[in-house]
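Right, one structure below, let's go through it.
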Amino acid sequence: MASFYLQGPAIVRSFALSASSNGSPATTQRVGPVVLELPLAKIRRPLMRTRANDPQKVQELADSIKEIGLQVPIDVLEVDGVYYGFSGCHRYEAHQQLGLPTIRCKVRRGTKETLRHHLR
Ligand code: ADP
């Protein structure tokens, strides 16, 4: 097993490579979180209606993001190819306000059980 790192903008992406034992081509398996630019529209936010953002915080973040860009990606959970966001609500809304089509996300994979845990 060999691992290597790709340098993204101030973020380290980590992957692991593994070769199968039957001689078929090596497959790439993601083991840790990866940082991706995702379309805002692709991130489901199941708790959005139950939690209100602080409008002043959103405005300050929008101003800062416009000036220096997003410095810390939001955390996103991927379950069966569907992306869910439970935090980073102010950064997400700041992106919406700025009309940005995508947002930088730290994506980790989870199971339906992980998702149920977040929805509790
Ligand atoms: P959120 O609901 O998005 O987590 P918070 O106000 O709780 O909002 O936290 C804002 C976060 O956004 C902080 O962790 C801060 O480090 C991060 N951040 C990322 N990019 C910026 C930026 N350009 N200016 C200010 N904060 C930023």
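If you're wondering about the labels, chains in the structure tokens are A, B, ... by order shown, residues count from 1 in each chain, ligands from 1 in order shown.
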Contacts with ligand 1 at most 6 Å, only C-alpha atoms and all ligand atoms counted, listed as a list in words | Lys57, Leu61, Ser64, Ile65, Ile68, Gly69, Leu70, Gln71, Val72, Ser87, Gly88, Cys89, His90 and Arg91 of chain A
Who sits within 12 Å of Leu47 of chain A, only C-alpha atoms, same chain under 5 positions skipped, as a ChimeraX atom specification = /A:52-53,84-89,118-120
If you run DSSP on this backbone, which residues of segment 83-114 of chain A come out as helix (DSSP H, G or I), and could you give them as a PyMOL selection string?
-> chain A and resi 89-98+112-114
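Minimum atom-to-atom distance to Arg104 of chain A, evaluated using only C-alpha atoms, belongs to A:Asp75 out of A:Glu60, A:Glu67, A:Asp80, A:Asp75.
We find atom CA of Gln59 of chain A and atom CA of Val107 of chain A to be spaced 25.1 Å apart.
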Would you mind listing what lies within 12 Å of Glu37 of chain A as a tab-separated table (two decimals) with N, CA, C and O atoms, in the first residue's frame, with only C-alpha atoms counted and same-chain residues fewer than 5 positions away left out?
```
chain	number	residue	atom	x	y	z
A	8	GLY	N	-3.54	20.88	-2.74
A	8	GLY	CA	-4.58	21.77	-3.23
A	8	GLY	C	-4.30	23.13	-2.67
A	8	GLY	O	-3.26	23.34	-2.06
A	9	PRO	N	-5.21	24.10	-2.84
A	9	PRO	CA	-4.98	25.43	-2.31
A	9	PRO	C	-4.99	25.39	-0.77
A	9	PRO	O	-6.06	25.37	-0.16
A	42	LYS	N	-25.77	20.95	-5.12
A	42	LYS	CA	-25.62	19.50	-4.93
A	42	LYS	C	-25.54	19.11	-3.45
A	42	LYS	O	-25.47	17.93	-3.11
A	43	ILE	N	-25.51	20.11	-2.57
A	43	ILE	CA	-25.36	19.80	-1.14
A	43	ILE	C	-26.73	19.90	-0.45
A	43	ILE	O	-27.33	20.98	-0.41
A	70	LEU	N	-12.55	31.69	0.48
A	70	LEU	CA	-12.88	30.80	1.59
A	70	LEU	C	-11.58	30.17	2.13
A	70	LEU	O	-10.86	29.50	1.39
A	73	PRO	N	-12.60	25.05	4.33
A	73	PRO	CA	-13.74	24.43	3.65
A	73	PRO	C	-14.81	23.98	4.63
A	73	PRO	O	-14.52	23.77	5.81
A	74	ILE	N	-16.03	23.85	4.15
A	74	ILE	CA	-17.10	23.35	5.02
A	74	ILE	C	-17.05	21.82	5.02
A	74	ILE	O	-16.61	21.20	4.05
A	75	ASP	N	-17.51	21.23	6.10
A	75	ASP	CA	-17.54	19.77	6.21
A	75	ASP	C	-18.80	19.22	5.53
A	75	ASP	O	-19.91	19.72	5.77
A	76	VAL	N	-18.59	18.21	4.70
A	76	VAL	CA	-19.71	17.59	3.99
A	76	VAL	C	-19.60	16.07	4.12
A	76	VAL	O	-18.50	15.52	4.09
A	83	TYR	N	-24.49	14.28	-1.24
A	83	TYR	CA	-23.74	15.12	-0.31
A	83	TYR	C	-24.68	15.80	0.69
A	83	TYR	O	-25.70	16.35	0.31
A	100	LEU	N	-21.99	32.67	-5.70
A	100	LEU	CA	-20.94	31.74	-6.13
A	100	LEU	C	-21.57	30.39	-6.44
A	100	LEU	O	-22.41	29.90	-5.68
A	101	PRO	N	-21.20	29.77	-7.55
A	101	PRO	CA	-21.84	28.50	-7.93
A	101	PRO	C	-21.35	27.30	-7.14
A	101	PRO	O	-22.05	26.30	-7.01
A	102	THR	N	-20.11	27.40	-6.62
A	102	THR	CA	-19.53	26.24	-5.92
A	102	THR	C	-18.95	26.68	-4.59
A	102	THR	O	-18.72	27.87	-4.35
A	103	ILE	N	-18.71	25.69	-3.74
A	103	ILE	CA	-18.09	25.96	-2.43
A	103	ILE	C	-17.07	24.85	-2.15
A	103	ILE	O	-17.31	23.69	-2.50
A	104	ARG	N	-15.96	25.25	-1.55
A	104	ARG	CA	-14.94	24.24	-1.23
A	104	ARG	C	-15.38	23.44	-0.01
A	104	ARG	O	-15.75	24.00	1.02
A	105	CYS	N	-15.35	22.11	-0.16
A	105	CYS	CA	-15.87	21.22	0.88
A	105	CYS	C	-14.83	20.18	1.26
A	105	CYS	O	-14.11	19.66	0.41
A	106	LYS	N	-14.80	19.87	2.55
A	106	LYS	CA	-14.02	18.73	3.01
A	106	LYS	C	-15.01	17.57	3.10
A	106	LYS	O	-15.91	17.57	3.95
A	107	VAL	N	-14.87	16.64	2.19
A	107	VAL	CA	-15.87	15.58	2.05
A	107	VAL	C	-15.36	14.28	2.68
A	107	VAL	O	-14.27	13.82	2.37
```
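Take the candidates A:Gly32, A:Pro46, A:Gln96, A:Lys66 and check each one against Gly110 of chain A using only C-alpha atoms; the shortest distance goes to A:Gly32.
The smallest atom-to-atom distance between Leu40 of chain A and any of A:Ala94, A:Val79, A:Val58, A:Leu115, using only C-alpha atoms, is found for A:Ala94.
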Atom CA of His95 of chain A to atom CA of Leu77 of chain A, distance in Å rounded to a single decimal | 18.6 Å
How far is it from atom CA of Val34 of chain A to atom CA of Gly99 of chain A, in Å with one decimal?
-> 24.1 Å
